[in-house]
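As provided, model.tsv (TSV, C-alpha atoms) reads as follows.
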```
chain	number	residue	atom	x	y	z
A	1	MET	CA	-85.93	12.83	96.17
A	2	LEU	CA	-83.45	12.98	93.32
A	3	PRO	CA	-83.28	9.87	91.11
A	4	ALA	CA	-79.54	9.50	91.70
A	5	LEU	CA	-80.05	9.40	95.42
A	6	ARG	CA	-83.07	7.15	95.09
A	7	ARG	CA	-81.02	4.58	93.20
A	8	CYS	CA	-78.54	4.39	96.03
A	9	ARG	CA	-81.22	3.74	98.65
A	10	PRO	CA	-80.61	0.39	100.33
A	11	GLY	CA	-83.29	-1.97	99.04
A	12	PRO	CA	-83.43	-5.74	98.69
A	13	VAL	CA	-79.66	-5.87	98.34
A	14	PRO	CA	-77.78	-9.05	99.35
A	15	LEU	CA	-74.77	-7.44	101.02
A	16	PRO	CA	-75.77	-4.12	102.48
A	17	ALA	CA	-74.34	-4.67	105.99
A	18	LEU	CA	-71.21	-6.41	104.80
A	19	ALA	CA	-70.52	-3.76	102.25
A	20	ALA	CA	-71.07	-1.03	104.78
A	21	ALA	CA	-68.70	-2.74	107.18
A	22	LEU	CA	-66.01	-3.23	104.53
A	23	ARG	CA	-65.80	0.36	103.41
A	24	PRO	CA	-67.33	3.23	105.33
A	25	GLY	CA	-67.36	5.08	101.99
A	26	PRO	CA	-68.52	8.57	101.37
A	27	VAL	CA	-71.84	8.20	103.17
A	28	PRO	CA	-71.94	5.73	106.03
A	29	GLY	CA	-75.14	3.77	106.31
A	30	LEU	CA	-77.07	5.25	103.46
A	31	CYS	CA	-75.19	3.78	100.52
A	32	PRO	CA	-74.57	0.08	100.01
A	33	GLY	CA	-71.12	0.80	98.61
A	34	TRP	CA	-69.48	-1.65	96.32
A	35	SER	CA	-67.12	-4.44	97.11
A	36	PRO	CA	-63.93	-4.60	95.12
A	37	ARG	CA	-64.74	-8.14	94.11
A	38	ALA	CA	-67.88	-7.16	92.17
A	39	VAL	CA	-66.13	-4.73	89.80
A	40	PRO	CA	-67.00	-5.80	86.21
A	41	ALA	CA	-64.08	-6.70	83.94
A	42	ARG	CA	-64.40	-8.52	80.62
A	43	GLY	CA	-61.69	-11.19	80.59
A	44	ARG	CA	-62.45	-14.59	79.16
A	45	LYS	CA	-66.03	-14.18	77.91
A	46	THR	CA	-67.45	-11.91	75.21
A	47	ARG	CA	-70.47	-9.76	75.77
A	48	HIS	CA	-72.68	-12.32	73.99
A	49	ASP	CA	-71.84	-15.19	76.40
A	50	PRO	CA	-74.41	-15.80	79.14
A	51	PRO	CA	-73.35	-14.86	82.66
A	52	ALA	CA	-72.42	-17.62	85.09
A	53	LYS	CA	-74.94	-19.27	87.37
A	54	SER	CA	-73.14	-17.89	90.40
A	55	LYS	CA	-73.99	-14.41	89.17
A	56	ALA	CA	-77.72	-15.13	88.81
A	57	ALA	CA	-78.51	-13.30	92.03
A	58	ARG	CA	-76.13	-10.41	91.34
A	59	VAL	CA	-77.66	-7.01	91.53
A	60	LYS	CA	-75.86	-4.23	89.67
A	61	LEU	CA	-75.97	-0.96	91.53
A	62	PRO	CA	-74.94	2.45	90.23
A	63	PRO	CA	-71.95	4.22	91.79
A	64	PRO	CA	-72.65	5.82	95.16
A	65	VAL	CA	-73.49	9.49	95.28
A	66	ASP	CA	-72.80	11.92	98.07
A	67	PRO	CA	-76.06	13.86	98.43
A	68	GLU	CA	-74.49	17.03	99.78
A	69	GLU	CA	-71.88	17.11	97.07
A	70	LEU	CA	-74.53	16.34	94.50
A	71	LEU	CA	-76.72	19.18	95.66
A	72	VAL	CA	-73.85	21.61	95.61
A	73	VAL	CA	-72.71	20.54	92.15
A	74	LEU	CA	-76.19	20.67	90.69
A	75	GLU	CA	-76.76	24.12	92.09
A	76	ARG	CA	-73.49	25.35	90.60
A	77	TYR	CA	-74.29	23.92	87.19
A	78	ARG	CA	-77.74	25.49	87.29
A	79	GLN	CA	-76.28	28.90	88.01
A	80	HIS	CA	-73.60	28.49	85.31
A	81	ARG	CA	-76.12	27.53	82.68
A	82	LEU	CA	-78.42	30.32	83.74
A	83	VAL	CA	-75.71	32.91	83.27
A	84	LEU	CA	-74.54	31.50	79.95
A	85	SER	CA	-78.01	31.26	78.46
A	86	ALA	CA	-78.64	34.82	79.57
A	87	LEU	CA	-75.49	35.96	77.79
A	88	ARG	CA	-76.43	34.04	74.67
A	89	TYR	CA	-79.92	35.43	74.69
A	90	ARG	CA	-78.67	38.95	75.16
A	91	HIS	CA	-75.97	38.91	72.56
A	92	GLY	CA	-77.69	36.91	69.86
A	93	PRO	CA	-76.21	34.21	67.63
A	94	GLY	CA	-72.80	35.84	67.64
A	95	MET	CA	-71.56	33.64	70.41
A	96	GLY	CA	-68.59	31.52	69.57
A	97	THR	CA	-65.28	30.53	70.97
A	98	GLY	CA	-62.29	32.46	69.79
A	99	LEU	CA	-58.65	31.84	70.46
A	100	TRP	CA	-57.92	29.76	73.53
A	101	GLY	CA	-61.63	28.90	73.96
A	102	ARG	CA	-62.73	32.28	75.28
A	103	ALA	CA	-66.38	33.01	74.71
A	104	GLU	CA	-66.70	36.18	72.68
A	105	PHE	CA	-69.49	38.55	71.91
A	106	ARG	CA	-71.18	39.31	68.68
A	107	ALA	CA	-69.35	42.57	68.13
A	108	GLU	CA	-66.00	40.84	68.32
A	109	VAL	CA	-67.12	38.10	65.97
A	110	LEU	CA	-68.32	40.64	63.42
A	111	GLN	CA	-65.07	42.56	63.67
A	112	ARG	CA	-63.07	39.42	63.16
A	113	LYS	CA	-65.15	38.49	60.08
A	114	GLN	CA	-64.66	41.93	58.59
A	115	GLU	CA	-60.92	41.75	59.06
A	116	GLU	CA	-60.76	38.38	57.36
A	117	ARG	CA	-62.84	39.58	54.44
A	118	LEU	CA	-60.58	42.57	54.00
A	119	ALA	CA	-57.48	40.44	54.12
A	120	ALA	CA	-58.92	38.02	51.57
A	121	ALA	CA	-59.94	40.77	49.14
A	122	GLY	CA	-56.44	42.13	49.24
A	123	SER	CA	-55.19	45.49	50.22
A	124	VAL	CA	-54.21	48.16	47.73
A	125	GLU	CA	-50.56	47.17	47.78
A	126	GLU	CA	-51.41	43.60	47.01
A	127	GLN	CA	-53.51	44.59	44.04
A	128	GLU	CA	-50.76	46.84	42.86
A	129	GLU	CA	-48.27	44.02	43.23
A	130	HIS	CA	-50.58	41.72	41.31
A	131	ARG	CA	-50.90	44.20	38.44
A	132	ARG	CA	-47.15	44.60	38.32
A	133	LEU	CA	-46.63	40.85	38.18
A	134	MET	CA	-49.22	40.47	35.44
A	135	ALA	CA	-47.48	43.18	33.44
A	136	TRP	CA	-44.17	41.39	33.90
A	137	ASN	CA	-45.82	38.17	32.76
A	138	ASP	CA	-47.11	39.91	29.63
A	139	GLU	CA	-43.64	41.20	28.89
A	140	GLU	CA	-42.25	37.73	29.31
A	141	ASN	CA	-44.86	36.41	26.90
A	142	ALA	CA	-43.96	39.12	24.40
A	143	ARG	CA	-40.29	38.20	24.67
A	144	GLN	CA	-41.16	34.58	24.13
A	145	GLN	CA	-43.21	35.57	21.12
A	146	ALA	CA	-40.25	37.47	19.67
A	147	ARG	CA	-38.00	34.48	20.24
A	148	ARG	CA	-40.51	32.22	18.59
A	149	GLU	CA	-40.85	34.43	15.54
A	150	GLU	CA	-37.09	34.59	15.25
A	151	ARG	CA	-36.87	30.84	15.42
A	152	VAL	CA	-39.63	30.33	12.86
A	153	ARG	CA	-37.99	32.81	10.51
A	154	ARG	CA	-34.64	31.07	10.85
A	155	GLU	CA	-36.23	27.72	10.21
A	156	GLU	CA	-37.89	29.01	7.07
A	157	GLU	CA	-34.60	30.35	5.79
A	158	GLU	CA	-32.92	27.10	6.57
A	159	GLN	CA	-35.56	25.23	4.67
A	160	LYS	CA	-35.28	27.51	1.65
A	161	ARG	CA	-31.53	27.11	1.63
A	162	ARG	CA	-31.83	23.39	1.80
A	163	LYS	CA	-34.28	23.37	-1.08
A	164	LEU	CA	-31.91	25.44	-3.17
A	165	GLU	CA	-29.05	23.12	-2.40
A	166	ILE	CA	-31.03	20.13	-3.42
A	167	ALA	CA	-32.04	21.79	-6.66
A	168	GLU	CA	-28.41	22.67	-7.37
A	169	LYS	CA	-27.24	19.16	-6.72
A	170	GLN	CA	-29.92	17.84	-8.97
A	171	ALA	CA	-28.88	20.21	-11.73
A	172	ARG	CA	-25.26	19.24	-11.33
A	173	LYS	CA	-26.11	15.60	-11.53
A	174	MET	CA	-28.08	16.18	-14.67
A	175	GLU	CA	-25.15	18.04	-16.20
A	176	ALA	CA	-22.70	15.29	-15.35
A	177	PHE	CA	-25.03	12.77	-16.85
A	178	GLN	CA	-25.33	14.84	-19.99
A	179	GLU	CA	-21.55	15.09	-20.28
A	180	GLU	CA	-21.14	11.38	-19.90
A	181	LYS	CA	-23.62	10.74	-22.60
A	182	GLU	CA	-21.98	13.22	-24.96
A	183	LYS	CA	-18.57	11.66	-24.36
A	184	GLU	CA	-19.93	8.29	-25.24
A	185	VAL	CA	-21.42	9.62	-28.40
A	186	LEU	CA	-18.13	11.20	-29.40
A	187	GLN	CA	-16.21	8.03	-28.69
A	188	LEU	CA	-18.63	6.11	-30.80
A	189	GLN	CA	-18.13	8.59	-33.58
A	190	GLU	CA	-14.39	8.07	-33.31
A	191	GLU	CA	-14.71	4.34	-33.48
A	192	ALA	CA	-17.09	4.62	-36.37
A	193	LYS	CA	-14.16	5.78	-38.48
A	194	ASN	CA	-12.58	2.35	-38.17
A	195	PHE	CA	-15.67	0.40	-39.02
A	196	ILE	CA	-15.70	-1.97	-41.87
A	197	THR	CA	-18.41	-0.92	-44.31
A	198	PRO	CA	-19.37	-2.58	-47.53
A	199	GLU	CA	-17.43	0.09	-49.38
A	200	ASN	CA	-14.03	-0.52	-47.85
A	201	LEU	CA	-14.55	-4.21	-47.36
A	202	GLU	CA	-12.33	-5.14	-50.27
A	203	ALA	CA	-9.63	-2.70	-49.20
A	204	ARG	CA	-9.62	-4.00	-45.62
A	205	ILE	CA	-9.41	-7.59	-46.70
A	206	GLU	CA	-6.43	-6.76	-48.92
A	207	GLU	CA	-4.86	-4.97	-45.97
A	208	CYS	CA	-5.30	-7.92	-43.64
A	209	LEU	CA	-3.91	-10.35	-46.11
A	210	ASP	CA	-0.91	-8.13	-46.69
A	211	ASN	CA	-0.08	-7.85	-42.99
A	212	PRO	CA	-0.15	-11.24	-41.33
A	213	ARG	CA	-0.16	-11.03	-37.52
A	214	ASN	CA	1.18	-13.67	-35.23
A	215	TYR	CA	-0.69	-14.24	-32.00
A	216	ASN	CA	1.52	-17.09	-30.85
A	217	PHE	CA	2.89	-15.45	-27.73
A	218	ALA	CA	2.25	-15.65	-23.99
A	219	ILE	CA	1.87	-12.87	-21.52
A	220	ASP	CA	2.92	-12.82	-17.91
A	221	LYS	CA	1.31	-11.08	-14.98
A	222	ASP	CA	3.26	-7.87	-15.46
A	223	GLY	CA	2.11	-7.52	-19.00
A	224	ARG	CA	5.39	-8.43	-20.70
A	225	ILE	CA	5.17	-10.43	-23.78
A	226	VAL	CA	6.93	-13.77	-23.60
A	227	LYS	CA	8.00	-15.28	-26.90
A	228	ARG	CA	9.44	-18.74	-26.56
A	229	THR	CA	8.23	-20.26	-29.73
A	230	VAL	CA	9.77	-19.12	-32.88
A	231	LEU	CA	7.78	-16.57	-34.81
A	232	SER	CA	6.61	-18.12	-38.03
B	233	MET	CA	-43.69	-4.25	47.70
B	234	PRO	CA	-42.38	-3.17	44.28
B	235	MET	CA	-42.08	0.50	43.39
B	236	LYS	CA	-44.67	1.79	40.95
B	237	GLY	CA	-44.00	3.89	37.87
B	238	ARG	CA	-40.97	5.12	36.05
B	239	PHE	CA	-39.77	7.55	38.72
B	240	PRO	CA	-41.26	6.28	41.96
B	241	VAL	CA	-39.46	9.00	43.86
B	242	ARG	CA	-42.24	11.30	42.72
B	243	ARG	CA	-44.56	9.42	45.02
B	244	THR	CA	-42.50	9.96	48.17
B	245	LEU	CA	-43.62	12.48	50.76
B	246	GLN	CA	-40.18	13.96	50.96
B	247	TYR	CA	-40.14	14.78	47.27
B	248	LEU	CA	-43.64	16.17	47.34
B	249	SER	CA	-43.01	18.40	50.31
B	250	GLN	CA	-39.97	19.83	48.54
B	251	GLY	CA	-42.24	21.68	46.12
B	252	ASP	CA	-42.04	25.38	46.88
B	253	VAL	CA	-44.87	26.75	44.75
B	254	VAL	CA	-47.79	27.67	46.99
B	255	PHE	CA	-50.41	29.56	44.99
B	256	LYS	CA	-52.20	32.64	46.25
B	257	SER	CA	-55.71	31.99	47.44
B	258	SER	CA	-57.13	33.69	44.36
B	259	VAL	CA	-55.89	30.96	41.99
B	260	LYS	CA	-58.58	28.36	41.44
B	261	VAL	CA	-57.76	26.43	38.27
B	262	MET	CA	-54.54	25.68	36.45
B	263	THR	CA	-54.65	24.35	32.90
B	264	VAL	CA	-51.67	22.97	31.02
B	265	ASN	CA	-51.73	22.52	27.25
B	266	TYR	CA	-48.75	20.58	25.95
B	267	ASN	CA	-47.70	18.12	23.25
B	268	THR	CA	-46.44	14.62	23.71
B	269	ALA	CA	-43.87	14.96	20.91
B	270	GLY	CA	-41.60	17.71	19.79
B	271	GLU	CA	-38.48	19.37	21.12
B	272	LEU	CA	-40.23	22.60	22.06
B	273	SER	CA	-42.68	20.88	24.40
B	274	GLU	CA	-39.92	19.06	26.26
B	275	GLY	CA	-39.84	21.53	29.14
B	276	ALA	CA	-43.60	21.41	29.49
B	277	ARG	CA	-43.58	17.64	29.47
B	278	LYS	CA	-40.95	17.52	32.19
B	279	PHE	CA	-42.91	20.09	34.17
B	280	VAL	CA	-46.04	17.96	33.99
B	281	PHE	CA	-44.14	14.81	34.89
B	282	PHE	CA	-42.02	16.10	37.76
B	283	ASN	CA	-43.39	19.32	39.14
B	284	ILE	CA	-47.16	19.07	38.95
B	285	PRO	CA	-47.37	16.42	41.71
B	286	GLN	CA	-45.46	18.77	43.97
B	287	ILE	CA	-47.73	21.67	43.12
B	288	GLN	CA	-50.89	19.67	43.68
B	289	TYR	CA	-49.56	18.42	46.99
B	290	LYS	CA	-48.98	21.94	48.18
B	291	ASN	CA	-52.25	23.26	46.73
B	292	PRO	CA	-54.85	20.56	47.24
B	293	TRP	CA	-57.72	22.93	46.47
B	294	VAL	CA	-56.47	24.06	43.07
B	295	GLN	CA	-57.91	22.16	40.12
B	296	ILE	CA	-55.23	21.16	37.62
B	297	MET	CA	-56.17	20.01	34.13
B	298	LEU	CA	-53.88	18.68	31.42
B	299	PHE	CA	-54.63	18.87	27.68
B	300	ARG	CA	-52.45	16.93	25.27
B	301	ASN	CA	-51.86	17.58	21.57
B	302	MET	CA	-54.55	20.20	21.18
B	303	THR	CA	-52.43	23.21	20.25
B	304	PRO	CA	-49.19	23.51	18.32
B	305	SER	CA	-47.37	25.28	21.12
B	306	PRO	CA	-47.45	24.60	24.88
B	307	PHE	CA	-48.80	27.08	27.42
B	308	LEU	CA	-50.22	27.35	30.94
B	309	ARG	CA	-53.42	29.16	31.84
B	310	PHE	CA	-54.49	30.17	35.32
B	311	TYR	CA	-58.05	31.09	36.20
B	312	LEU	CA	-58.36	33.40	39.20
B	313	ASP	CA	-61.48	33.87	41.26
B	314	SER	CA	-61.92	37.40	39.93
B	315	GLY	CA	-62.48	35.89	36.48
B	316	GLU	CA	-59.07	36.98	35.29
B	317	GLN	CA	-57.12	34.52	33.13
B	318	VAL	CA	-53.35	34.52	33.16
B	319	LEU	CA	-51.59	33.06	30.13
B	320	VAL	CA	-48.03	31.80	30.43
B	321	ASP	CA	-46.18	30.76	27.29
B	322	VAL	CA	-43.81	27.89	28.06
B	323	GLU	CA	-42.50	27.03	24.65
B	324	ASP	CA	-38.79	26.38	24.64
B	325	LYS	CA	-38.44	26.69	28.43
B	326	THR	CA	-37.07	24.13	30.87
B	327	ASN	CA	-39.29	22.87	33.66
B	328	LYS	CA	-37.22	24.70	36.25
B	329	GLU	CA	-37.73	27.98	34.43
B	330	ILE	CA	-41.46	27.34	34.28
B	331	THR	CA	-41.70	26.73	38.01
B	332	GLU	CA	-39.68	29.83	38.74
B	333	HIS	CA	-41.91	31.86	36.49
B	334	ILE	CA	-45.18	30.77	38.04
B	335	LYS	CA	-43.74	31.07	41.51
B	336	LYS	CA	-42.89	34.65	40.74
B	337	ILE	CA	-46.22	35.70	39.30
B	338	LEU	CA	-48.73	33.68	41.30
B	339	GLY	CA	-46.93	32.08	44.21
B	340	LYS	CA	-46.99	33.22	47.79
B	341	SER	CA	-43.76	34.87	48.76
B	342	LYS	CA	-41.55	33.40	51.45
B	343	GLU	CA	-42.43	36.16	53.93
B	344	MET	CA	-46.10	35.50	53.45
B	345	LEU	CA	-45.64	31.78	54.00
B	346	GLU	CA	-43.64	32.40	57.13
B	347	LYS	CA	-46.28	34.81	58.42
B	348	GLU	CA	-48.98	32.21	57.86
B	349	GLU	CA	-46.87	29.61	59.60
B	350	ARG	CA	-46.51	31.88	62.61
B	351	GLU	CA	-50.24	32.55	62.70
B	352	ARG	CA	-50.94	28.87	62.64
B	353	LYS	CA	-48.48	28.21	65.44
B	354	LYS	CA	-50.17	30.86	67.57
B	355	LEU	CA	-53.41	28.93	67.56
B	356	SER	CA	-52.00	25.96	69.42
B	357	HIS	CA	-49.93	26.03	72.57
B	358	PRO	CA	-46.98	23.65	72.44
B	359	ALA	CA	-46.86	23.15	76.19
B	360	THR	CA	-50.30	21.58	76.57
B	361	PHE	CA	-50.85	17.86	76.29
B	362	GLY	CA	-53.86	15.82	75.27
B	363	PRO	CA	-55.26	13.98	72.25
B	364	LYS	CA	-52.76	13.57	69.48
B	365	LYS	CA	-55.02	15.45	67.09
B	366	TYR	CA	-54.69	18.73	68.95
B	367	HIS	CA	-51.51	18.50	70.98
B	368	LEU	CA	-47.95	17.38	70.55
B	369	ARG	CA	-47.89	15.03	73.54
B	370	GLU	CA	-50.57	12.86	75.01
B	371	CYS	CA	-49.52	12.39	78.59
B	372	MET	CA	-47.52	14.34	81.15
B	373	CYS	CA	-45.08	11.43	81.29
B	374	GLU	CA	-43.88	12.24	77.74
B	375	ILE	CA	-42.69	15.75	78.65
B	376	GLU	CA	-38.99	16.17	79.37
B	377	GLY	CA	-38.19	16.69	83.00
B	378	GLN	CA	-41.38	15.08	84.27
B	379	VAL	CA	-41.90	11.79	86.02
B	380	PRO	CA	-41.51	9.01	83.44
B	381	CYS	CA	-44.38	6.70	82.61
B	382	PRO	CA	-44.78	4.07	85.31
B	383	ALA	CA	-45.44	1.53	82.53
B	384	PHE	CA	-41.75	1.70	81.62
B	385	VAL	CA	-40.03	2.92	84.78
B	386	PRO	CA	-41.62	1.85	88.09
B	387	LEU	CA	-42.36	4.69	90.47
B	388	PRO	CA	-40.32	4.90	93.68
B	389	LYS	CA	-42.06	3.33	96.66
B	390	GLU	CA	-42.71	6.66	98.32
B	391	MET	CA	-44.97	7.78	95.45
B	392	ARG	CA	-47.07	4.64	95.31
B	393	GLY	CA	-50.45	4.64	96.96
B	394	LYS	CA	-49.91	1.08	98.18
B	395	TYR	CA	-46.86	2.10	100.19
B	396	LYS	CA	-48.42	5.30	101.47
B	397	ALA	CA	-51.54	3.45	102.62
B	398	ALA	CA	-49.42	0.80	104.30
B	399	MET	CA	-47.41	3.48	106.11
B	400	LYS	CA	-50.62	5.21	107.22
B	401	ASN	CA	-51.99	1.92	108.51
B	402	GLU	CA	-48.81	1.23	110.38
B	403	ALA	CA	-48.83	4.64	111.99
```
Would you write the structure of this file as structure tokens?
Amino acid sequence: MLPALRRCRPGPVPLPALAAALRPGPVPGLCPGWSPRAVPARGRKTRHDPPAKSKAARVKLPPPVDPEELLVVLERYRQHRLVLSALRYRHGPGMGTGLWGRAEFRAEVLQRKQEERLAAAGSVEEQEEHRRLMAWNDEENARQQARREERVRREEEEQKRRKLEIAEKQARKMEAFQEEKEKEVLQLQEEAKNFITPENLEARIEECLDNPRNYNFAIDKDGRIVKRTVLS
Amino acid sequence: MPMKGRFPVRRTLQYLSQGDVVFKSSVKVMTVNYNTAGELSEGARKFVFFNIPQIQYKNPWVQIMLFRNMTPSPFLRFYLDSGEQVLVDVEDKTNKEITEHIKKILGKSKEMLEKEERERKKLSHPATFGPKKYHLRECMCEIEGQVPCPAFVPLPKEMRGKYKAAMKNEA
């Protein structure tokens, strides 16, 4: 007999009659059935806690099986698997599920792969488009190059101009400096005419003695001379 | 939790999904050479700072490499799977111009993106329900017009097995 059915055979089970009386179940008499009270549910205890003493005599039984239903279902599965394995054997490793889970044959799978490969490689138009875009990119790069050269050229000119300016300014400064120095020299020459040398010492002394000068005056903020004391 | 970085908005999903550059499947590597100083590299710097996260988000399988201060002028280089290299000069360009440029030469067009979106939608049926990974809704009770979930709205008596069994026992 099938193992599933064998498991359900009434053996040394504590409540076979009671269970049978409670629920007639799918198969009256043959299956012990289960009582709603013995349904396992993990509430307070973890799986590592020991079961209670009251459950020492508890016998866990698998769910009941209807033998007729079981036979029918097993037969159906056997036929289904037979057919499918035959298909797989016949059509080789091209079996797969396509859209919506439909099983498809090798020819379809190969066709699909070819289409994908073609699409990935790119059709003629795509390649053409790609070449056009690359050409446009090269043009853009060339334009950028032109702009860059223009900019570099302008910068060089700018720098040259600046250098020239600086040189000019420097030259101008030097000139101004030179002029200043020359003016000083000339002024000195002018003053040198009034110097007292050993030659005209006597003459100058005579001159000073002849022209006495009176410094006994005050001067206010506006520069006017104030003479209060009598000139002597 | 504090925000990280100078512009934390770059880390938001909304910002990242706003990137509109989706590369063609032939682009494998993108290399950016730029300088950390200099007026001419400003656009490239902004591009690296603001737009590259968006691009990487939209193209997770493209390798992006950044090289700093190796060349006097900034440029981008794309390596396609056919071995072709595409050079893009980005000196003196703003980051917006750069994105427009690469979108034009190597990005998927809007029609192509829409077509792909439609193909993807065809694979899944929106009316089915099941695990969240494959379907939009998990239970029949979530669908509009169906009986609401008894966890939130109790079923009327007539639909409950308890009532029906009681009625059957009575009769």
Please report, as a tab-separated table, each residue of chain A lying at most 12 Å from chain B, together with the nearest pair of atoms and the separation in Å rounded to one decimal; use all atoms listed in the file, and order rows by chain and ascending residue number.
```
residue	atom	partner	partner_atom	distance
A:Gly98	CA	B:Leu355	CA	9.8
A:Leu99	CA	B:Leu355	CA	6.7
A:Trp100	CA	B:Leu355	CA	7.5
A:Gly101	CA	B:Leu355	CA	10.4
A:Ala119	CA	B:Ser257	CA	10.9
A:Ala120	CA	B:Ser257	CA	8.0
A:Ala121	CA	B:Ser258	CA	9.0
A:Gly122	CA	B:Ser258	CA	9.8
A:Glu126	CA	B:Lys256	CA	11.0
A:Gln127	CA	B:Ser258	CA	11.5
A:Glu129	CA	B:Ile337	CA	9.4
A:His130	CA	B:Ile337	CA	7.7
A:Arg131	CA	B:Ile337	CA	9.7
A:Arg132	CA	B:Ile337	CA	9.0
A:Leu133	CA	B:Ile337	CA	5.3
A:Met134	CA	B:Ile337	CA	6.8
A:Ala135	CA	B:Ile337	CA	9.6
A:Trp136	CA	B:Ile337	CA	8.1
A:Asn137	CA	B:Ile337	CA	7.0
A:Asp138	CA	B:Leu319	CA	8.2
A:Glu139	CA	B:Val320	CA	10.5
A:Glu140	CA	B:Asp321	CA	8.3
A:Asn141	CA	B:Asp321	CA	5.8
A:Ala142	CA	B:Asp321	CA	9.1
A:Arg143	CA	B:Asp321	CA	9.8
A:Gln144	CA	B:Asp321	CA	7.1
A:Gln145	CA	B:Asp321	CA	8.4
A:Ala146	CA	B:Asp321	CA	11.8
A:Arg147	CA	B:Asp324	CA	9.3
A:Arg148	CA	B:Glu323	CA	8.2
A:Glu149	CA	B:Glu323	CA	11.9
A:Arg151	CA	B:Asp324	CA	10.4
```
| request: Would you mind reading off the distance between CA of Met372 in chain B and CA of Ala359 in chain B, one decimal, in Å? | output: 10.1 Å
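Note that CA of Gln246 in chain B and CA of Val280 in chain B are 18.4 Å apart.
The coordinates place CA of Glu349 in chain B at 23.9 Å from CA of Ile375 in chain B.
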| When distances are computed from all atoms listed in the file, which of A:Arg90, A:Pro3, A:Asn194, A:Asn216 shows the smallest separation from Val65 in chain A? |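 For Val65 in chain A, the nearest of the candidates is A:Pro3.
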| Nearest to Pro62 in chain A: which of A:Lys183, A:Arg78, A:Arg6, A:Arg172 is it, counting all atoms listed in the file? |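 Going through A:Lys183, A:Arg78, A:Arg6, A:Arg172 one by one, the smallest distance to Pro62 in chain A is for A:Arg6.
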| Within 12 Å of Asn265 in chain B, counting all atoms listed in the file, which residues qualify if same-chain residues fewer than 4 places away don't, as a list in words? |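 Listing them by chain and then by number gives Ser273, Ala276, Arg277, Phe279, Val280, Ile296, Met297, Leu298, Phe299, Arg300, Asn301, Met302, Thr303, Pro304, Ser305, Pro306, Phe307, Leu308, Arg309, Phe310, Leu319, Val320, Asp321, Val322 and Glu323 of chain B.
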